[in-house]
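Peer 1: Got a structure here, written out as C-alpha cells. Questions coming.
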Amino acid sequence: MPELPEVETVRRGLEQKLNNFIIKKVEVCRDSTVAFPINKEEFIKGVLNSLIYKWDRRGKYLIAQLKEVQNENTQFLLDNLKNNGFLVVHLRMTGYFKFIENSSHPCKHTRIRFFDKNNNELRYIDVRSFGQMWWINKDLSLNKIIKGLGSLGPEPFSEDFDANYLKKVISKRTKSIKAILLDQTIVAGIGNIYADESLYSAGISPFREARTIKKNELIKLKESIVTVLKKSIGSGGTTFSDFRDLDGENGNFGLQTNVYRRTGKECRKCGNLIERQKITGRSTHWCPKCQK
C-alpha cells in the first residue's frame, strides 16, 4: 500500500501537472470506486465545472480543494470563485493517477477519468480496485463522512508529533512498538516499509512492548521516522509496491532500504543476517544484533 512518502509524491505531482485543470467531463468506469455520494451521477454532477484548486495530504489521503467555475471563457480571479467542496482520494493497495495529454483509449484497470476542455485526462488506475474517491459538498464535514480521516493521529512532520506525545500514548501499551507505528490513530501515514526502516534506524526491536521504550529511545525514534520519510519523499517513494507517480515511474527508495525486503542479506552495519517474522499479520524485517 502506498504510504506517506508515496502519497506525498503523488500530491506534489498533481499540484505541478494540473495547472488550471477544470473538470468538464467525468467517466466512472467502476462504480465501486466512488465511495460518496452513493449515486455516481451525483458524484459526477458534483465535480463538473470544478477547478482543481489545491492538493493537500492528510495521512494517506489526498484532498483536492475544488472551486466552482461558471464560465471559464471569462477571466476569473481564484479568490472570487465559490468553494465547491473537496475531492478526496485513498489509493489503497494499487491505485495511482496518470496525466495524459490528448486522451487515449483507457486500459482495463482504469476506474475514473477526468477531462478538461482540451481533452487532457487525469486517469485513475487501480488493478485491485480497493481505492476510493469521495466528493464532499462544502456544507458537509470531511471527518464525519470519511471516518478514517477523522480518526487520524498527528502527522510525523507536525509539532504535535514528538517524544512527549509518543511517551504519553504508549506508556501503558503492551502492544509491540511495530504495531503502534502501524496504528493510524497514533501517527498518520506510516505503513509497513517505513515502520521497519525507522525502527532499524533507531536501533529498536520491532517486538519490544511499547511501554518499555525509554524517553531517550523515543527521541531517537521520532528523529528516525522523520529522517526516513524525508529521504523517501526525496527519492519519489519506494519501488516495492505497485506505486507509480503521475509519469508512470516507480520510486527509488527501495534501492536504499536497510531491512525491508532484505531477508537473509547482510546488515549494512554489522554484517548479521536480516530476519523476517510476522507481527499482527504484517511481515516485519529487522536485524537482531542492531535492534534491541
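Residues are named by chain letter and number: chains run A, B, ... in the order of the C-alpha cells, numbers start at 1 in each chain, and ligands are numbered from 1 in the order shown.
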Can you check which parts of segment 76-175 of chain A lie within 9 Å of segment 215-226 of chain A? Per residue, the shortest pair of atoms and distance in Å to one decimal, counting only C-alpha atoms, sorted by chain and number, as a Markdown table.

Peer 2:
```
| residue | atom | partner | partner_atom | distance |
| --- | --- | --- | --- | --- |
| A:Pro156 | CA | A:Val226 | CA | 6.4 |
| A:Phe157 | CA | A:Val226 | CA | 6.5 |
| A:Phe161 | CA | A:Lys222 | CA | 7.8 |
| A:Asp162 | CA | A:Lys222 | CA | 6.3 |
| A:Ala163 | CA | A:Ile219 | CA | 5.0 |
| A:Asn164 | CA | A:Lys215 | CA | 7.8 |
| A:Leu166 | CA | A:Leu218 | CA | 6.9 |
| A:Lys167 | CA | A:Lys215 | CA | 6.8 |
```

Peer 1: Taking only segment 81-241 of chain A into account, list the residues labelled alpha helix (DSSP H) by DSSP (computed from the backbone), as number ranges by chain.

Peer 2: A: 142-145, 147-150, 163-170, 177-182, 192-202, 215-234

Peer 1: Pull C-alpha atoms from the residues just selected and write them as a PDB file, in the first residue's frame.

Peer 2:
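Output below, filename out_34.pdb:
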```pdb
ATOM      1  CA  LEU A 142     -14.951  15.529   5.717  1.00  0.00           C
ATOM      2  CA  ASN A 143     -14.223  13.910   9.067  1.00  0.00           C
ATOM      3  CA  LYS A 144     -17.823  12.821   9.575  1.00  0.00           C
ATOM      4  CA  ILE A 145     -18.255  11.371   6.083  1.00  0.00           C
ATOM      5  CA  LYS A 147     -14.421   8.011   9.378  1.00  0.00           C
ATOM      6  CA  GLY A 148     -10.804   7.016   8.768  1.00  0.00           C
ATOM      7  CA  LEU A 149      -9.877  10.626   8.052  1.00  0.00           C
ATOM      8  CA  GLY A 150     -11.452  11.887  11.257  1.00  0.00           C
ATOM      9  CA  ALA A 163       8.841  12.183  22.082  1.00  0.00           C
ATOM     10  CA  ASN A 164       6.491  13.571  24.747  1.00  0.00           C
ATOM     11  CA  TYR A 165       3.464  12.680  22.638  1.00  0.00           C
ATOM     12  CA  LEU A 166       4.817   9.179  21.975  1.00  0.00           C
ATOM     13  CA  LYS A 167       5.563   8.618  25.650  1.00  0.00           C
ATOM     14  CA  LYS A 168       2.037   9.664  26.556  1.00  0.00           C
ATOM     15  CA  VAL A 169       0.261   7.409  24.051  1.00  0.00           C
ATOM     16  CA  ILE A 170       2.400   4.293  24.624  1.00  0.00           C
ATOM     17  CA  ILE A 177       6.166  -0.839  19.005  1.00  0.00           C
ATOM     18  CA  LYS A 178       5.804  -2.017  15.384  1.00  0.00           C
ATOM     19  CA  ALA A 179       2.029  -2.443  15.856  1.00  0.00           C
ATOM     20  CA  ILE A 180       1.880   1.013  17.444  1.00  0.00           C
ATOM     21  CA  LEU A 181       3.585   2.654  14.460  1.00  0.00           C
ATOM     22  CA  LEU A 182       1.120   0.987  12.081  1.00  0.00           C
ATOM     23  CA  ASN A 192       4.967  -1.468   6.922  1.00  0.00           C
ATOM     24  CA  ILE A 193       8.003  -0.306   4.967  1.00  0.00           C
ATOM     25  CA  TYR A 194       8.714   2.867   6.903  1.00  0.00           C
ATOM     26  CA  ALA A 195       7.916   1.346  10.294  1.00  0.00           C
ATOM     27  CA  ASP A 196      10.602  -1.306   9.677  1.00  0.00           C
ATOM     28  CA  GLU A 197      13.119   1.208   8.364  1.00  0.00           C
ATOM     29  CA  SER A 198      12.507   3.721  11.170  1.00  0.00           C
ATOM     30  CA  LEU A 199      12.873   1.098  13.910  1.00  0.00           C
ATOM     31  CA  TYR A 200      16.111  -0.128  12.359  1.00  0.00           C
ATOM     32  CA  SER A 201      17.455   3.407  12.169  1.00  0.00           C
ATOM     33  CA  ALA A 202      16.545   3.964  15.834  1.00  0.00           C
ATOM     34  CA  LYS A 215      12.261   8.607  26.611  1.00  0.00           C
ATOM     35  CA  ASN A 216      15.730   8.873  25.027  1.00  0.00           C
ATOM     36  CA  GLU A 217      14.849   5.998  22.672  1.00  0.00           C
ATOM     37  CA  LEU A 218      11.599   7.721  21.720  1.00  0.00           C
ATOM     38  CA  ILE A 219      13.512  10.887  20.868  1.00  0.00           C
ATOM     39  CA  LYS A 220      15.706   8.842  18.528  1.00  0.00           C
ATOM     40  CA  LEU A 221      12.688   7.011  17.080  1.00  0.00           C
ATOM     41  CA  LYS A 222      10.886  10.263  16.299  1.00  0.00           C
ATOM     42  CA  GLU A 223      14.010  11.624  14.584  1.00  0.00           C
ATOM     43  CA  SER A 224      14.443   8.366  12.651  1.00  0.00           C
ATOM     44  CA  ILE A 225      10.833   8.429  11.419  1.00  0.00           C
ATOM     45  CA  VAL A 226      11.174  11.989  10.136  1.00  0.00           C
ATOM     46  CA  THR A 227      14.566  11.316   8.508  1.00  0.00           C
ATOM     47  CA  VAL A 228      13.463   8.093   6.801  1.00  0.00           C
ATOM     48  CA  LEU A 229      10.231   9.658   5.485  1.00  0.00           C
ATOM     49  CA  LYS A 230      12.006  12.751   4.167  1.00  0.00           C
ATOM     50  CA  LYS A 231      14.637  10.615   2.473  1.00  0.00           C
ATOM     51  CA  SER A 232      11.950   8.529   0.789  1.00  0.00           C
ATOM     52  CA  ILE A 233       9.986  11.577  -0.357  1.00  0.00           C
ATOM     53  CA  GLY A 234      13.200  12.861  -1.922  1.00  0.00           C
TER      54      GLY A 234
END
```

Peer 1: Any idea what's packed within 7 Å of Asn120 of chain A, counting only C-alpha atoms, ignoring anything in its chain fewer than 6 positions away? Could you give it as a VMD selection string?

Peer 2: chain A and resid 100 to 103

Peer 1: If you keep N, CA and C atoms, can you produce a file of those selected residues as a PDB file, in the first residue's frame?

Peer 2:
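Saved the output as selection.pdb:
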```pdb
ATOM      1  N   ILE A 100      -2.596  12.456 -18.827  1.00  0.00           N
ATOM      2  CA  ILE A 100      -2.426  12.139 -20.244  1.00  0.00           C
ATOM      3  C   ILE A 100      -2.892  13.321 -21.097  1.00  0.00           C
ATOM      4  N   GLU A 101      -1.958  13.857 -21.865  1.00  0.00           N
ATOM      5  CA  GLU A 101      -2.325  14.913 -22.806  1.00  0.00           C
ATOM      6  C   GLU A 101      -2.938  14.267 -24.042  1.00  0.00           C
ATOM      7  N   ASN A 102      -4.023  14.849 -24.535  1.00  0.00           N
ATOM      8  CA  ASN A 102      -4.741  14.279 -25.682  1.00  0.00           C
ATOM      9  C   ASN A 102      -5.121  12.828 -25.395  1.00  0.00           C
ATOM     10  N   SER A 103      -6.146  12.681 -24.632  1.00  0.00           N
ATOM     11  CA  SER A 103      -6.577  11.400 -24.081  1.00  0.00           C
ATOM     12  C   SER A 103      -6.608  10.254 -25.092  1.00  0.00           C
TER      13      SER A 103
END
```

Peer 1: Show me, as a PDB file with N, CA and C atoms, in the first residue's frame, the residues that have an atom within 10 Å of segment 29-42 of chain A when counting only C-alpha atoms, minus same-chain residues fewer than 4 positions from it.

Peer 2:
```pdb
ATOM      1  N   GLY A  46     -21.486  16.671  -9.110  1.00  0.00           N
ATOM      2  CA  GLY A  46     -20.854  17.480  -8.081  1.00  0.00           C
ATOM      3  C   GLY A  46     -19.505  18.051  -8.495  1.00  0.00           C
ATOM      4  N   VAL A  47     -18.690  17.260  -9.223  1.00  0.00           N
ATOM      5  CA  VAL A  47     -17.330  17.716  -9.557  1.00  0.00           C
ATOM      6  C   VAL A  47     -17.245  18.435 -10.902  1.00  0.00           C
ATOM      7  N   LEU A  87     -12.583  16.887  -3.341  1.00  0.00           N
ATOM      8  CA  LEU A  87     -12.424  15.567  -3.941  1.00  0.00           C
ATOM      9  C   LEU A  87     -11.351  14.863  -3.112  1.00  0.00           C
ATOM     10  N   VAL A  88     -11.737  13.773  -2.457  1.00  0.00           N
ATOM     11  CA  VAL A  88     -10.821  13.044  -1.573  1.00  0.00           C
ATOM     12  C   VAL A  88     -10.523  11.680  -2.184  1.00  0.00           C
ATOM     13  N   VAL A  89      -9.255  11.270  -2.114  1.00  0.00           N
ATOM     14  CA  VAL A  89      -8.824  10.015  -2.735  1.00  0.00           C
ATOM     15  C   VAL A  89      -7.989   9.210  -1.746  1.00  0.00           C
ATOM     16  N   HIS A  90      -8.271   7.909  -1.664  1.00  0.00           N
ATOM     17  CA  HIS A  90      -7.380   6.989  -0.956  1.00  0.00           C
ATOM     18  C   HIS A  90      -6.944   5.931  -1.958  1.00  0.00           C
ATOM     19  N   PRO A 106      -8.515   3.941 -22.681  1.00  0.00           N
ATOM     20  CA  PRO A 106      -8.075   3.524 -21.340  1.00  0.00           C
ATOM     21  C   PRO A 106      -7.741   2.045 -21.256  1.00  0.00           C
ATOM     22  N   LYS A 108      -7.727  -1.634 -19.084  1.00  0.00           N
ATOM     23  CA  LYS A 108      -8.848  -2.318 -18.432  1.00  0.00           C
ATOM     24  C   LYS A 108      -8.923  -2.038 -16.937  1.00  0.00           C
ATOM     25  N   HIS A 109      -7.852  -1.504 -16.357  1.00  0.00           N
ATOM     26  CA  HIS A 109      -7.846  -1.221 -14.920  1.00  0.00           C
ATOM     27  C   HIS A 109      -8.188   0.244 -14.619  1.00  0.00           C
ATOM     28  N   THR A 110      -8.575   0.994 -15.634  1.00  0.00           N
ATOM     29  CA  THR A 110      -8.985   2.378 -15.430  1.00  0.00           C
ATOM     30  C   THR A 110     -10.305   2.421 -14.679  1.00  0.00           C
ATOM     31  N   ARG A 111     -10.374   3.234 -13.627  1.00  0.00           N
ATOM     32  CA  ARG A 111     -11.575   3.285 -12.771  1.00  0.00           C
ATOM     33  C   ARG A 111     -12.355   4.584 -12.914  1.00  0.00           C
ATOM     34  N   ILE A 112     -11.651   5.718 -12.964  1.00  0.00           N
ATOM     35  CA  ILE A 112     -12.316   7.005 -13.139  1.00  0.00           C
ATOM     36  C   ILE A 112     -11.451   7.890 -14.031  1.00  0.00           C
ATOM     37  N   ARG A 113     -12.130   8.663 -14.908  1.00  0.00           N
ATOM     38  CA  ARG A 113     -11.423   9.549 -15.832  1.00  0.00           C
ATOM     39  C   ARG A 113     -11.980  10.965 -15.708  1.00  0.00           C
ATOM     40  N   TYR A 124      -7.466   7.705 -13.234  1.00  0.00           N
ATOM     41  CA  TYR A 124      -7.214   6.934 -12.022  1.00  0.00           C
ATOM     42  C   TYR A 124      -7.257   5.452 -12.369  1.00  0.00           C
ATOM     43  N   ASP A 126      -6.407   1.398 -11.067  1.00  0.00           N
ATOM     44  CA  ASP A 126      -6.323   0.631  -9.819  1.00  0.00           C
ATOM     45  C   ASP A 126      -6.545  -0.853 -10.129  1.00  0.00           C
ATOM     46  N   SER A 129      -8.539  -2.561  -7.308  1.00  0.00           N
ATOM     47  CA  SER A 129      -9.819  -1.852  -7.126  1.00  0.00           C
ATOM     48  C   SER A 129     -10.230  -1.636  -5.674  1.00  0.00           C
ATOM     49  N   PHE A 130      -9.249  -1.455  -4.784  1.00  0.00           N
ATOM     50  CA  PHE A 130      -9.574  -1.150  -3.388  1.00  0.00           C
ATOM     51  C   PHE A 130      -9.641   0.354  -3.145  1.00  0.00           C
ATOM     52  N   GLY A 131      -9.074   1.143  -4.048  1.00  0.00           N
ATOM     53  CA  GLY A 131      -9.036   2.594  -3.887  1.00  0.00           C
ATOM     54  C   GLY A 131     -10.429   3.201  -3.919  1.00  0.00           C
ATOM     55  N   GLN A 132     -10.563   4.377  -3.294  1.00  0.00           N
ATOM     56  CA  GLN A 132     -11.868   5.031  -3.230  1.00  0.00           C
ATOM     57  C   GLN A 132     -11.753   6.531  -3.445  1.00  0.00           C
ATOM     58  N   MET A 133     -12.870   7.114  -3.925  1.00  0.00           N
ATOM     59  CA  MET A 133     -12.968   8.569  -4.070  1.00  0.00           C
ATOM     60  C   MET A 133     -14.264   9.059  -3.463  1.00  0.00           C
ATOM     61  N   TRP A 134     -14.171  10.262  -2.901  1.00  0.00           N
ATOM     62  CA  TRP A 134     -15.335  10.917  -2.312  1.00  0.00           C
ATOM     63  C   TRP A 134     -15.442  12.328  -2.875  1.00  0.00           C
ATOM     64  N   TRP A 135     -16.649  12.773  -3.210  1.00  0.00           N
ATOM     65  CA  TRP A 135     -16.884  14.203  -3.402  1.00  0.00           C
ATOM     66  C   TRP A 135     -17.687  14.660  -2.208  1.00  0.00           C
ATOM     67  N   ILE A 136     -17.097  15.560  -1.423  1.00  0.00           N
ATOM     68  CA  ILE A 136     -17.732  16.039  -0.208  1.00  0.00           C
ATOM     69  C   ILE A 136     -18.198  17.479  -0.437  1.00  0.00           C
ATOM     70  N   ASN A 137     -19.503  17.683  -0.431  1.00  0.00           N
ATOM     71  CA  ASN A 137     -20.088  19.003  -0.584  1.00  0.00           C
ATOM     72  C   ASN A 137     -19.536  19.957   0.472  1.00  0.00           C
ATOM     73  N   ILE A 145     -17.951  12.244   7.233  1.00  0.00           N
ATOM     74  CA  ILE A 145     -18.255  11.371   6.083  1.00  0.00           C
ATOM     75  C   ILE A 145     -17.210  10.268   5.963  1.00  0.00           C
ATOM     76  N   ILE A 146     -15.942  10.634   6.135  1.00  0.00           N
ATOM     77  CA  ILE A 146     -14.846   9.670   5.989  1.00  0.00           C
ATOM     78  C   ILE A 146     -14.293   9.382   7.384  1.00  0.00           C
TER      79      ILE A 146
END
```

Peer 1: Which of these, A:Glu121, A:Asp183, A:Asp139, A:Glu15, has the shortest distance to Ser151 of chain A once you count only C-alpha atoms?

Peer 2: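 Of the candidates, the smallest distance to Ser151 of chain A is held by A:Asp183.
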
Peer 1: Let me make sure I understand: among A:Val187, A:Pro206, A:Arg268, A:Lys98, which one has the smallest atom-to-atom distance to Arg282 of chain A if we use only C-alpha atoms?

Peer 2: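 Between A:Val187, A:Pro206, A:Arg268, A:Lys98, the residue approaching Arg282 of chain A most closely is A:Pro206.
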
Peer 1: Nearest to Leu273 of chain A: which of A:Arg261, A:Lys289, A:Lys24, A:Pro154 is it, counting only C-alpha atoms?

Peer 2: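 The answer is A:Lys289, which sits nearest to Leu273 of chain A.
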
Peer 1: Between A:Lys269, A:Arg262, A:Arg211, A:Lys82, which one has atoms that come closest to Ser171 of chain A, using only C-alpha atoms?

Peer 2: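 Between A:Lys269, A:Arg262, A:Arg211, A:Lys82, the residue approaching Ser171 of chain A most closely is A:Arg211.
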
Peer 1: Show me, as a ChimeraX atom specification, the residues that have an atom within 7 Å of Asn49 of chain A when counting only C-alpha atoms, minus same-chain residues fewer than 5 positions from it.

Peer 2: /A:22-24,68-70

Peer 1: Grab the atom CA of Arg57 of chain A to atom CA of Gly189 of chain A distance for me, in Å with one decimal place.

Peer 2: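 Computing the Euclidean distance for atom CA of Arg57 of chain A and atom CA of Gly189 of chain A yields 9.7 Å.
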
Peer 1: Identify which of the residues A:Arg12, A:Ser50, A:Ile44, A:Val26 lies closest to Leu62 of chain A, counting only C-alpha atoms when measuring atom-to-atom distances.

Peer 2: A:Arg12

Peer 1: Nearest to Gly59 of chain A: which of A:Thr212, A:Gln16, A:Ser104, A:Ser158 is it, counting only C-alpha atoms?

Peer 2: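 Among the listed residues, the smallest separation from Gly59 of chain A belongs to A:Ser158.
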
Peer 1: To one decimal in Å, tell me the separation between atom CA of Gln256 of chain A and atom CA of Ser235 of chain A.

Peer 2: 9.4 Å

Peer 1: Using backbone DSSP assignments, extract all strand (DSSP E) residues from segment 48-85 of chain A; output them as a ChimeraX atom specification.

Peer 2: /A:50-58,61-68,82-85
